[in-house]
>>> print(open('final-v1.cif').read())   # mmCIF, C-alpha atoms
data_coords
#
loop_
_atom_site.label_atom_id
_atom_site.label_comp_id
_atom_site.auth_asym_id
_atom_site.auth_seq_id
_atom_site.Cartn_x
_atom_site.Cartn_y
_atom_site.Cartn_z
CA GLN H 3 0.66 -17.01 2.76
CA ALA H 4 -1.62 -20.02 2.35
CA PHE H 5 -0.08 -21.17 -0.92
CA PRO H 6 3.57 -20.10 -0.96
CA LEU H 7 5.30 -20.50 -4.31
CA PRO H 8 7.28 -23.64 -3.45
CA SER H 9 4.11 -25.40 -2.30
CA LEU H 10 2.23 -25.30 -5.61
CA PRO H 11 2.12 -28.66 -7.42
CA ARG H 12 2.87 -27.52 -10.94
CA LYS H 13 6.23 -26.33 -12.22
CA GLN H 14 4.68 -22.99 -13.01
CA PRO H 15 2.66 -21.41 -10.21
CA THR H 16 -0.50 -20.88 -12.25
CA VAL H 17 -3.55 -19.34 -10.66
CA LEU H 18 -6.98 -18.88 -12.24
CA VAL H 19 -8.74 -15.76 -10.99
CA VAL H 20 -12.47 -15.75 -11.71
CA CYS H 21 -13.89 -12.24 -11.42
CA GLY H 22 -17.53 -11.33 -11.08
CA PRO H 23 -19.21 -8.17 -12.36
CA ALA H 24 -19.06 -6.01 -9.26
CA GLN H 25 -16.68 -4.95 -6.50
CA ASN H 26 -15.69 -8.51 -5.60
CA GLY H 27 -14.50 -8.99 -9.16
CA ALA H 28 -12.53 -5.75 -9.06
CA ILE H 29 -10.83 -6.93 -5.90
CA GLY H 30 -9.92 -10.06 -7.84
CA LEU H 31 -8.27 -7.90 -10.51
CA VAL H 32 -6.14 -6.12 -7.93
CA CYS H 33 -5.30 -9.46 -6.35
CA ALA H 34 -4.21 -10.88 -9.71
CA ARG H 35 -1.87 -7.92 -10.27
CA HIS H 36 -0.20 -8.40 -6.90
CA LEU H 37 0.06 -12.14 -7.47
CA ARG H 38 1.94 -11.33 -10.66
CA ILE H 39 4.31 -9.09 -8.70
CA PHE H 40 4.80 -11.97 -6.24
CA ASP H 41 5.88 -14.13 -9.25
CA TYR H 42 2.76 -16.25 -9.55
CA GLU H 43 1.31 -16.73 -13.05
CA PRO H 44 -2.29 -15.57 -12.81
CA THR H 45 -4.87 -15.83 -15.57
CA ILE H 46 -8.15 -13.99 -15.32
CA PHE H 47 -11.65 -14.98 -16.37
CA TYR H 48 -13.77 -11.82 -16.32
CA PRO H 49 -16.90 -12.49 -18.36
CA LYS H 50 -19.08 -9.58 -17.25
CA ARG H 51 -17.00 -6.44 -17.09
CA SER H 52 -18.00 -3.44 -15.08
CA PRO H 53 -18.23 -0.09 -16.89
CA ASP H 54 -16.89 1.67 -13.76
CA PRO H 55 -13.78 3.64 -14.84
CA LEU H 56 -11.85 2.55 -11.76
CA TYR H 57 -12.48 -1.12 -12.52
CA ARG H 58 -11.68 -0.56 -16.21
CA ASP H 59 -8.32 0.87 -15.13
CA PHE H 60 -7.71 -2.19 -12.97
CA THR H 61 -8.31 -4.29 -16.10
CA THR H 62 -5.81 -2.20 -18.10
CA GLN H 63 -3.22 -2.52 -15.36
CA CYS H 64 -3.55 -6.31 -15.51
CA GLU H 65 -3.41 -6.40 -19.31
CA LYS H 66 -0.31 -4.21 -19.36
CA MET H 67 1.30 -6.60 -16.91
CA ASP H 68 0.81 -9.44 -19.38
CA ILE H 69 -1.84 -11.20 -17.36
CA PRO H 70 -3.96 -13.16 -19.86
CA PHE H 71 -7.73 -12.80 -19.88
CA LEU H 72 -9.57 -15.95 -20.91
CA SER H 73 -12.40 -15.51 -23.37
CA TYR H 74 -14.20 -18.49 -21.87
CA LEU H 75 -13.81 -20.83 -18.97
CA PRO H 76 -12.65 -24.32 -19.86
CA THR H 77 -14.85 -26.62 -17.84
CA GLU H 78 -14.33 -30.10 -19.18
CA VAL H 79 -10.59 -30.29 -18.96
CA MET H 80 -8.42 -28.01 -16.86
CA ILE H 81 -5.68 -27.22 -19.36
CA PRO H 82 -2.62 -25.60 -17.82
CA VAL H 83 -2.83 -22.14 -19.28
CA ALA H 84 0.84 -21.50 -18.70
CA GLU H 85 1.79 -24.13 -21.25
CA GLY H 86 0.22 -22.03 -23.96
CA ARG H 87 -2.07 -24.63 -25.49
CA ALA H 88 -5.42 -23.39 -26.70
CA PRO H 89 -8.30 -24.66 -24.60
CA HIS H 90 -10.77 -27.02 -26.30
CA PRO H 91 -14.06 -25.50 -27.41
CA PRO H 92 -16.11 -25.05 -24.32
CA HIS H 93 -18.95 -27.33 -23.37
CA LEU H 94 -20.55 -25.35 -20.66
CA HIS H 95 -23.14 -27.40 -18.92
CA HIS H 96 -25.79 -25.18 -17.50
CA PRO H 97 -27.93 -26.78 -14.88
CA ARG H 98 -31.55 -25.91 -15.34
CA ALA H 99 -31.49 -22.24 -14.48
CA SER H 100 -33.37 -21.45 -11.33
CA SER H 101 -34.79 -18.02 -10.75
CA THR H 102 -31.99 -17.11 -8.39
CA SER H 103 -28.92 -18.33 -10.22
CA SER H 104 -27.27 -16.49 -13.09
CA GLU H 105 -25.05 -17.81 -15.84
CA PRO H 106 -21.45 -17.37 -14.73
CA PRO H 107 -21.85 -18.93 -11.28
CA ALA H 108 -23.38 -22.03 -12.87
CA ALA H 109 -20.26 -22.50 -14.94
CA LEU H 110 -18.23 -22.79 -11.79
CA CYS H 111 -19.97 -25.87 -10.47
CA PRO H 112 -18.02 -28.32 -12.63
CA LEU H 113 -14.84 -26.80 -11.23
CA ALA H 114 -15.76 -27.93 -7.79
CA SER H 115 -15.47 -31.57 -8.79
CA LEU H 116 -11.96 -31.31 -10.21
CA PRO H 117 -9.30 -32.94 -8.09
CA ASP H 118 -6.19 -31.07 -7.03
CA LEU H 119 -7.79 -27.72 -7.51
CA VAL H 120 -7.67 -25.48 -4.52
CA LEU H 121 -10.18 -22.72 -4.37
CA LEU H 122 -9.87 -19.48 -2.60
CA SER H 123 -12.89 -17.27 -2.16
CA PHE H 124 -13.04 -13.64 -1.26
CA PHE H 125 -15.66 -12.37 1.04
CA CYS H 126 -18.26 -14.99 0.39
CA HIS H 127 -18.71 -17.97 -1.89
CA PRO H 128 -20.66 -17.40 -5.09
CA GLY H 129 -24.01 -19.13 -4.81
CA TRP H 130 -24.03 -18.77 -1.04
CA ASP H 131 -26.49 -16.56 0.68
CA VAL H 132 -24.46 -13.88 2.45
CA GLU H 133 -26.10 -14.66 5.77
CA ALA H 134 -27.29 -18.24 5.68
CA GLY H 135 -24.60 -19.89 3.60
CA SER H 136 -25.57 -22.87 1.54
CA SER H 137 -25.27 -26.61 1.48
CA GLY H 138 -24.59 -26.60 -2.25
CA GLY H 139 -22.25 -24.42 -4.24
CA ILE H 140 -18.49 -24.44 -4.13
CA SER H 141 -16.44 -25.38 -1.10
CA PRO H 142 -13.35 -23.26 -0.96
CA ASP H 143 -10.18 -24.31 0.74
CA VAL H 144 -9.36 -20.83 1.92
CA LEU H 145 -11.61 -17.90 2.70
CA VAL H 146 -10.40 -14.33 2.89
CA SER H 147 -12.96 -12.23 4.69
CA LEU H 148 -12.68 -8.57 3.81
CA SER H 149 -13.10 -5.98 6.55
CA ALA H 150 -14.74 -8.57 8.79
CA PRO H 151 -16.20 -12.08 8.39
CA LYS H 152 -19.77 -12.22 7.11
CA GLN H 153 -22.47 -14.36 8.69
CA CYS H 154 -22.13 -17.06 6.04
CA ALA H 155 -18.52 -17.56 7.08
CA ARG H 156 -19.78 -19.64 10.00
CA ARG H 157 -20.49 -22.37 7.43
CA PHE H 158 -16.97 -22.29 6.10
CA LEU H 159 -15.35 -25.69 6.37
CA GLY H 160 -12.11 -25.18 4.49
CA ARG H 161 -8.55 -25.23 5.70
CA GLN H 162 -7.81 -21.59 6.44
CA HIS H 163 -9.80 -18.48 7.14
CA PHE H 164 -8.06 -15.11 6.89
CA VAL H 165 -9.34 -11.68 7.76
CA ALA H 166 -8.08 -8.69 5.79
CA GLY H 167 -9.28 -5.54 7.48
CA ARG H 168 -6.36 -3.82 9.00
CA PHE H 169 -7.26 -0.57 7.34
CA LEU H 170 -10.45 -0.14 9.37
CA PRO H 171 -10.29 2.90 11.66
CA TYR H 172 -10.84 2.14 15.34
CA ASP H 173 -14.09 4.02 15.66
CA VAL H 174 -15.60 1.98 12.81
CA GLN H 175 -14.44 -1.23 14.51
CA LYS H 176 -15.99 -0.13 17.77
CA LYS H 177 -19.21 1.13 16.22
CA PHE H 178 -19.90 -2.19 14.56
CA GLU H 179 -18.42 -4.24 17.41
CA LEU H 180 -16.12 -6.02 15.07
CA ASN H 181 -13.57 -7.14 17.70
CA PRO H 182 -10.86 -8.01 15.20
CA PRO H 183 -7.92 -10.12 16.31
CA GLU H 184 -4.44 -8.64 16.63
CA TYR H 185 -2.62 -8.38 13.34
CA PRO H 186 0.96 -9.64 13.68
CA GLY H 187 3.72 -7.08 13.02
CA THR H 188 2.99 -5.14 9.85
CA GLU H 189 0.90 -7.90 8.22
CA CYS H 190 -2.32 -6.90 6.53
CA VAL H 191 -3.99 -10.30 7.00
CA VAL H 192 -4.43 -12.51 10.02
CA ALA H 193 -5.37 -16.18 10.07
CA LEU H 194 -8.38 -16.90 12.24
CA ARG H 195 -8.54 -20.12 14.20
CA ALA H 196 -9.75 -23.04 12.06
CA PRO H 197 -13.48 -23.69 12.44
CA ARG H 198 -14.36 -26.53 14.74
CA GLN K 28 15.25 13.07 -12.15
CA GLU K 29 13.81 13.05 -15.66
CA GLU K 30 13.82 9.29 -15.72
CA ALA K 31 11.93 9.13 -12.43
CA GLN K 32 9.39 11.56 -13.81
CA ALA K 33 9.09 9.56 -17.05
CA ILE K 34 8.47 6.33 -15.13
CA ASP K 35 5.83 8.04 -13.04
CA GLN K 36 4.16 9.41 -16.17
CA GLU K 37 4.12 6.01 -17.80
CA LEU K 38 2.57 4.38 -14.75
CA PHE K 39 -0.26 6.91 -14.89
CA THR K 40 -0.84 7.28 -18.62
CA GLU K 41 0.05 3.84 -20.04
CA TYR K 42 -0.68 1.55 -17.16
CA LYS K 43 -3.63 3.62 -15.90
CA PHE K 44 -2.64 3.50 -12.28
CA SER K 45 -4.28 6.19 -10.21
CA VAL K 46 -2.25 8.47 -7.99
CA ASP K 47 -4.33 7.18 -5.09
CA GLN K 48 -3.33 3.59 -5.74
CA LEU K 49 0.39 4.23 -5.94
CA MET K 50 0.43 6.74 -3.10
CA GLU K 51 -1.31 4.22 -0.83
CA LEU K 52 1.24 1.53 -1.68
CA ALA K 53 4.12 4.01 -1.27
CA GLY K 54 2.93 5.27 2.11
CA LEU K 55 2.37 1.72 3.31
CA SER K 56 5.94 0.84 2.28
CA CYS K 57 7.28 3.75 4.28
CA ALA K 58 5.37 2.78 7.41
CA THR K 59 6.45 -0.85 7.00
CA ALA K 60 10.11 0.08 6.59
CA ILE K 61 9.93 2.31 9.65
CA ALA K 62 8.31 -0.48 11.67
CA LYS K 63 11.11 -2.84 10.71
CA ALA K 64 13.95 -0.45 11.58
CA TYR K 65 12.39 1.32 14.57
CA PRO K 66 9.87 -1.02 16.21
CA PRO K 67 7.61 0.63 18.79
CA SER K 68 9.43 -1.20 21.58
CA SER K 69 12.68 0.54 20.63
CA PHE K 70 11.45 4.04 21.50
CA THR K 71 12.78 5.74 24.62
CA THR K 72 9.87 8.19 24.73
CA SER K 73 6.95 6.97 26.86
CA GLN K 74 4.85 6.44 23.75
CA PRO K 75 6.21 5.57 20.31
CA ALA K 76 5.67 9.17 19.22
CA VAL K 77 6.53 10.08 15.64
CA LEU K 78 6.46 13.53 14.03
CA VAL K 79 5.50 13.42 10.35
CA VAL K 80 6.36 16.62 8.48
CA CYS K 81 4.42 16.81 5.21
CA GLY K 82 5.32 19.05 2.31
CA PRO K 83 3.07 20.68 -0.27
CA GLY K 84 3.10 17.95 -2.93
CA ASN K 85 2.97 14.21 -3.46
CA ASN K 86 5.77 13.53 -0.99
CA GLY K 87 3.52 15.10 1.63
CA GLY K 88 0.69 12.84 0.47
CA ASP K 89 2.97 9.82 0.94
CA GLY K 90 3.61 11.13 4.45
CA LEU K 91 -0.11 11.31 5.24
CA VAL K 92 -0.62 7.70 4.13
CA CYS K 93 2.47 6.69 6.11
CA ALA K 94 1.14 8.41 9.24
CA ARG K 95 -2.15 6.54 8.99
CA HIS K 96 -0.45 3.15 8.68
CA LEU K 97 1.96 4.00 11.50
CA LYS K 98 -1.11 4.54 13.68
CA LEU K 99 -2.46 1.13 12.67
CA PHE K 100 0.95 -0.39 13.49
CA GLY K 101 0.77 0.94 17.03
CA TYR K 102 2.71 4.21 16.80
CA GLU K 103 1.46 7.63 17.92
CA PRO K 104 2.03 9.86 14.91
CA THR K 105 1.54 13.62 14.87
CA VAL K 106 1.41 15.47 11.57
CA TYR K 107 2.66 18.95 10.69
CA TYR K 108 1.14 19.94 7.35
CA PRO K 109 1.56 23.69 6.83
CA LYS K 110 0.83 23.96 3.08
CA ARG K 111 -2.13 21.85 1.99
CA PRO K 112 -3.08 21.56 -1.70
CA ASN K 113 -6.72 22.20 -2.54
CA LYS K 114 -7.24 18.80 -4.11
CA PRO K 115 -9.68 16.05 -3.11
CA LEU K 116 -6.86 13.50 -2.88
CA PHE K 117 -5.03 15.42 -0.16
CA GLU K 118 -8.20 16.55 1.57
CA GLY K 119 -9.32 12.93 1.72
CA LEU K 120 -6.00 11.75 3.14
CA THR K 121 -6.09 14.52 5.73
CA THR K 122 -9.62 13.56 6.79
CA GLN K 123 -8.64 9.90 7.05
CA CYS K 124 -5.84 10.85 9.45
CA GLN K 125 -8.00 13.19 11.48
CA LYS K 126 -10.72 10.57 11.82
CA MET K 127 -8.08 8.19 13.15
CA ASP K 128 -7.28 10.68 15.90
CA ILE K 129 -3.94 11.69 14.44
CA PRO K 130 -3.30 15.25 15.67
CA PHE K 131 -2.32 17.96 13.22
CA LEU K 132 -0.08 20.59 14.82
CA PRO K 133 -1.15 24.18 14.21
CA GLU K 134 2.51 25.23 14.38
CA PHE K 135 5.90 23.62 14.16
CA PRO K 136 7.03 22.61 17.67
CA ALA K 137 8.46 25.72 19.25
CA GLU K 138 8.85 27.00 22.75
CA VAL K 139 7.58 30.46 23.37
CA ARG K 140 10.38 32.61 24.71
CA SER K 141 10.85 36.33 25.03
CA SER K 142 14.28 37.01 23.67
CA PRO K 143 15.68 38.64 20.53
CA GLY K 144 14.82 36.71 17.43
CA TRP K 145 11.77 35.17 19.12
CA GLY K 146 9.51 38.20 18.99
CA PRO K 147 5.93 37.81 17.79
CA ARG K 148 6.73 39.63 14.54
CA SER K 149 9.36 37.20 13.43
CA ARG K 150 7.10 34.28 14.37
CA ALA K 151 4.23 35.77 12.41
CA ARG K 152 6.43 35.99 9.34
CA GLY K 153 7.13 32.31 9.86
CA ARG K 154 10.81 33.03 10.07
CA PHE K 155 12.98 32.10 12.93
CA SER K 156 16.47 33.32 13.47
CA ALA K 157 19.19 30.76 13.38
CA ALA K 158 19.35 30.98 17.17
CA ALA K 159 15.87 29.41 17.33
CA PHE K 160 16.83 26.18 15.61
CA PRO K 161 18.67 24.48 18.46
CA VAL K 162 15.77 25.14 20.85
CA GLN K 163 13.19 23.81 18.43
CA ALA K 164 15.37 20.82 17.70
CA ALA K 165 15.73 20.07 21.41
CA LEU K 166 11.97 20.19 21.84
CA ILE K 167 11.43 17.76 18.98
CA ASP K 168 14.07 15.46 20.47
CA GLU K 169 12.18 15.52 23.75
CA LEU K 170 8.70 14.92 22.35
CA TYR K 171 9.32 12.44 19.54
CA GLY K 172 11.39 9.32 19.00
CA LEU K 173 11.44 9.63 15.22
CA VAL K 174 10.78 12.25 12.57
CA VAL K 175 9.44 11.37 9.12
CA ASP K 176 10.61 13.79 6.44
CA ALA K 177 7.83 13.86 3.82
CA ILE K 178 8.58 17.37 2.59
CA PHE K 179 10.09 17.18 -0.88
CA GLY K 180 10.35 14.29 -3.29
CA PHE K 181 11.90 13.51 -6.64
CA SER K 182 10.31 16.47 -8.42
CA PHE K 183 12.06 18.99 -6.18
CA LYS K 184 13.99 21.67 -8.01
CA GLY K 185 15.35 25.07 -7.14
CA ALA K 186 15.02 27.07 -3.96
CA VAL K 187 13.28 25.96 -0.81
CA ARG K 188 10.29 28.16 -0.02
CA GLU K 189 9.19 29.01 3.51
CA PRO K 190 8.17 27.65 5.88
CA PHE K 191 10.18 24.67 4.76
CA GLY K 192 13.54 26.44 4.88
CA SER K 193 13.14 27.05 8.59
CA ILE K 194 11.75 23.58 9.15
CA LEU K 195 14.72 21.97 7.43
CA GLY K 196 17.01 24.22 9.44
CA THR K 197 15.58 22.73 12.60
CA LEU K 198 15.51 19.16 11.32
CA GLU K 199 19.20 19.41 10.47
CA ARG K 200 19.84 19.91 14.19
CA VAL K 201 17.51 17.25 15.53
CA THR K 202 19.28 14.27 17.10
CA VAL K 203 16.47 11.69 16.97
CA PRO K 204 16.47 9.59 13.78
CA ILE K 205 14.95 11.06 10.65
CA ALA K 206 13.38 8.84 8.00
CA SER K 207 13.18 10.54 4.60
CA ILE K 208 10.65 9.52 2.00
CA ASP K 209 12.24 8.98 -1.41
CA VAL K 210 14.74 11.85 -1.31
CA PRO K 211 16.13 13.67 1.73
CA SER K 212 14.34 17.00 1.53
CA GLY K 213 16.37 19.88 0.27
CA TRP K 214 18.83 17.63 -1.53
CA ASP K 215 19.44 17.94 -5.25
CA VAL K 216 17.65 14.84 -6.57
CA GLU K 217 20.77 13.74 -8.42
CA LYS K 218 23.73 15.28 -6.61
CA GLY K 219 22.65 15.33 -2.98
CA LYS K 220 23.59 18.12 -0.60
CA VAL K 221 26.75 18.04 1.41
CA ASP K 222 25.56 20.40 4.15
CA GLY K 223 21.92 19.33 4.02
CA LEU K 224 19.71 16.99 6.01
CA GLN K 225 21.45 13.75 7.06
CA PRO K 226 18.64 11.27 7.67
CA ASP K 227 19.19 7.95 9.44
CA MET K 228 16.80 6.19 7.06
CA LEU K 229 15.92 6.60 3.41
CA ILE K 230 12.96 4.84 1.85
CA SER K 231 13.49 4.93 -1.90
CA LEU K 232 10.23 4.55 -3.78
CA THR K 233 9.99 2.57 -7.03
CA ALA K 234 13.77 2.74 -7.48
CA PRO K 235 16.56 4.62 -5.72
CA LYS K 236 17.25 8.11 -7.07
CA LYS K 237 20.75 9.20 -7.99
CA ALA K 238 21.02 11.22 -4.80
CA ALA K 239 20.77 7.94 -2.83
CA MET K 240 24.43 7.35 -3.67
CA HIS K 241 25.21 10.13 -1.19
CA PHE K 242 23.02 8.68 1.54
CA ALA K 243 25.09 7.98 4.63
CA GLY K 244 22.49 6.86 7.16
CA ARG K 245 22.03 3.42 8.67
CA TYR K 246 18.93 2.17 6.86
CA HIS K 247 18.19 2.27 3.15
CA PHE K 248 14.95 0.56 2.18
CA LEU K 249 13.29 0.14 -1.17
CA GLY K 250 9.51 0.48 -1.30
CA GLY K 251 6.73 0.86 -3.81
CA ARG K 252 6.45 -2.74 -4.92
CA PHE K 253 4.21 -2.05 -7.90
CA VAL K 254 6.62 -1.76 -10.82
CA PRO K 255 5.50 -3.96 -13.72
CA ALA K 256 8.25 -6.19 -15.08
CA ALA K 257 8.05 -4.59 -18.52
CA LEU K 258 8.66 -1.13 -17.07
CA GLU K 259 11.54 -2.37 -14.98
CA LYS K 260 13.16 -3.77 -18.11
CA LYS K 261 12.46 -0.71 -20.23
CA TYR K 262 14.28 1.58 -17.82
CA ALA K 263 16.87 -1.03 -16.83
CA LEU K 264 16.06 -0.52 -13.18
CA ASN K 265 17.73 -3.80 -12.15
CA LEU K 266 15.82 -3.91 -8.92
CA PRO K 267 16.86 -6.66 -6.52
CA PRO K 268 14.06 -9.09 -5.66
CA TYR K 269 11.74 -8.35 -2.77
CA PRO K 270 11.45 -11.13 -0.20
CA GLU K 271 8.23 -13.19 -0.52
CA THR K 272 5.19 -10.97 -0.15
CA GLU K 273 6.98 -8.09 1.61
CA CYS K 274 6.33 -4.60 0.33
CA VAL K 275 9.78 -3.38 1.32
CA LEU K 276 13.33 -4.55 0.77
CA GLN K 277 16.22 -3.56 3.02
CA LEU K 278 19.11 -2.49 0.82
CA THR K 279 21.52 -1.58 3.65
#
>>> encode(input="final-v1.cif", output="structure tokens")
Amino acid sequence: QAFPLPSLPRKQPTVLVVCGPAQNGAIGLVCARHLRIFDYEPTIFYPKRSPDPLYRDFTTQCEKMDIPFLSYLPTEVMIPVAEGRAPHPPHLHHPRASSTSSEPPAALCPLASLPDLVLLSFFCHPGWDVEAGSSGGISPDVLVSLSAPKQCARRFLGRQHFVAGRFLPYDVQKKFELNPPEYPGTECVVALRAPR
Amino acid sequence: QEEAQAIDQELFTEYKFSVDQLMELAGLSCATAIAKAYPPSSFTTSQPAVLVVCGPGNNGGDGLVCARHLKLFGYEPTVYYPKRPNKPLFEGLTTQCQKMDIPFLPEFPAEVRSSPGWGPRSRARGRFSAAAFPVQAALIDELYGLVVDAIFGFSFKGAVREPFGSILGTLERVTVPIASIDVPSGWDVEKGKVDGLQPDMLISLTAPKKAAMHFAGRYHFLGGRFVPAALEKKYALNLPPYPETECVLQLT
């Protein structure tokens, strides 16, 4: 919805899906598969793979749908993967590792400075504290909050904020006082008002 | 039929989809198609009441998922699920519906009457005389604005076992629209059934089955938007393109 096919700048609607080691990453795998069905051209970077059989099956489903998995993340130059050229050898610049950061998220920081790259984060931005947010880290253009927005979403400054939680039974919504907005028609996502 | 079964097999063994995944997407497609053709505002009953009749296999599972999404879309579904498989998948789906306050009928809608053919013995055997069907059908027409037929799917072969024979007998006389999931129940999956159920809507899953050629209702939708391109090519499914990010496509 936020990036319909005709709106993407390149001739081929390429999307890089960066998947972490846990459930958020698995959601990314499912997302990539559906993007493929919607005629986007996703590529996945999934450096730390979960041993969970369900998530391994998600990986197989993507592979069998001809979604490429990058062996490393090109950080210096964003080479259009769809054109089939091999990325240059990586020069991953790791900022001095702090006790709280771990390797893959550090590799993302150079991405944030690339022009023309729109970022979409699920649930919460990597490097952000789930409750407090962060002044550093990546600044996504679009945030898709799953089930319900998390505290850190208050710090979200991007263009569009969606909620995807239409599957939540009413008693769960009431119990946690989620007060979700009305979902239009049969849509499974709803755009929240832009943050002020 | 064999082709449909082969595609299904390949999705599970080669592509490693789980039954849960595909059943969820299938059931969601059905609910979405129903919402497009029969929006809640179009019902003449006081509530948008829907009766979902679930069979003993995967088609019934699709029906359970469909019922849950219908509830989320603002309908008031009621489920009749007489033969429940002892498998965690179906038990889970049943629980999800129950926890969403979707009632499960203990019996197929029937008025209690004391007249020949309605005696307690024939009811206990689960068999109704043909005279019962019009009364049951009238009751369904009164209580519900739509019936979802989730009894038998593309694996159906051979004779219809009770209680589904009687149920289909009643459904054939119901005048409110019937939406069948994948294959109108009781039809031969390839040849159809001339004197069988005549649903108003058919939601073909993955790809239409041969029997769909005999479908004469108003709405034919395609659902189950999960077929990988390679599989579509391999079986020459020639599916028309779905619009944008929709999970259903209206064929007629």
>>> resolve_selection(input="final-v1.cif", expression="the PyMOL selection byres ((chain H) within 8 of (chain K))", output="ChimeraX atom specification")
/H:36,39-40,59-60,62-63,66-67,168-169,171-173,187-188
>>> closest_residue(input="final-v1.cif", among="K:Asp35, K:Asp176, K:Glu51, K:Glu29", to="Gly87 in chain K", atoms="all atoms listed in the file")
K:Asp176
>>> resolve_selection(input="final-v1.cif", expression="the PyMOL selection byres ((chain H and resi 165) around 12)", output="number ranges by chain")
H: 123-125, 144-152, 155, 162-164, 166-170, 180-185, 189-195
>>> atom_distance(input="final-v1.cif", atom1="CA of Gly192 in chain K", atom2="CA of Gln36 in chain K")
28.7 Å
>>> atom_distance(input="final-v1.cif", atom1="CA of Glu103 in chain K", atom2="CA of Lys177 in chain H")
21.7 Å
>>> residues_around(input="final-v1.cif", residues="Pro15 in chain H", least_positions_apart="4", cutoff="7 Å", atoms="only C-alpha atoms", output="ChimeraX atom specification")
/H:7,10,42-43
>>> atom_distance(input="final-v1.cif", atom1="CA of Cys81 in chain K", atom2="CA of Pro133 in chain K")
12.9 Å
>>> closest_residue(input="final-v1.cif", among="H:Pro186, H:Pro142, H:Pro44, H:Gly27", to="Gln14 in chain H", atoms="all atoms listed in the file")
H:Pro44
>>> resolve_selection(input="final-v1.cif", expression="the PyMOL selection byres ((chain K and resi 181-191) around 8)", output="PDB file with C-alpha atoms, in the frame of the given file")
ATOM      1  CA  GLN K  28      15.250  13.070 -12.150  1.00  0.00           C
ATOM      2  CA  ALA K  31      11.930   9.130 -12.430  1.00  0.00           C
ATOM      3  CA  GLN K  32       9.390  11.560 -13.810  1.00  0.00           C
ATOM      4  CA  GLY K  82       5.320  19.050   2.310  1.00  0.00           C
ATOM      5  CA  PRO K 109       1.560  23.690   6.830  1.00  0.00           C
ATOM      6  CA  GLY K 153       7.130  32.310   9.860  1.00  0.00           C
ATOM      7  CA  ARG K 154      10.810  33.030  10.070  1.00  0.00           C
ATOM      8  CA  ILE K 178       8.580  17.370   2.590  1.00  0.00           C
ATOM      9  CA  PHE K 179      10.090  17.180  -0.880  1.00  0.00           C
ATOM     10  CA  GLY K 180      10.350  14.290  -3.290  1.00  0.00           C
ATOM     11  CA  GLY K 192      13.540  26.440   4.880  1.00  0.00           C
ATOM     12  CA  SER K 193      13.140  27.050   8.590  1.00  0.00           C
ATOM     13  CA  ILE K 194      11.750  23.580   9.150  1.00  0.00           C
ATOM     14  CA  LEU K 195      14.720  21.970   7.430  1.00  0.00           C
ATOM     15  CA  ASP K 209      12.240   8.980  -1.410  1.00  0.00           C
ATOM     16  CA  VAL K 210      14.740  11.850  -1.310  1.00  0.00           C
ATOM     17  CA  GLY K 213      16.370  19.880   0.270  1.00  0.00           C
ATOM     18  CA  ASP K 215      19.440  17.940  -5.250  1.00  0.00           C
ATOM     19  CA  VAL K 216      17.650  14.840  -6.570  1.00  0.00           C
ATOM     20  CA  LYS K 236      17.250   8.110  -7.070  1.00  0.00           C
TER      21      LYS K 236
END
>>> residues_around(input="final-v1.cif", residues="Glu199 in chain K", least_positions_apart="5", cutoff="9 Å", atoms="all atoms listed in the file", output="list in words")
Phe160, Ala164, Ile194, Gly223, Leu224, Gln225 and Pro226 of chain K
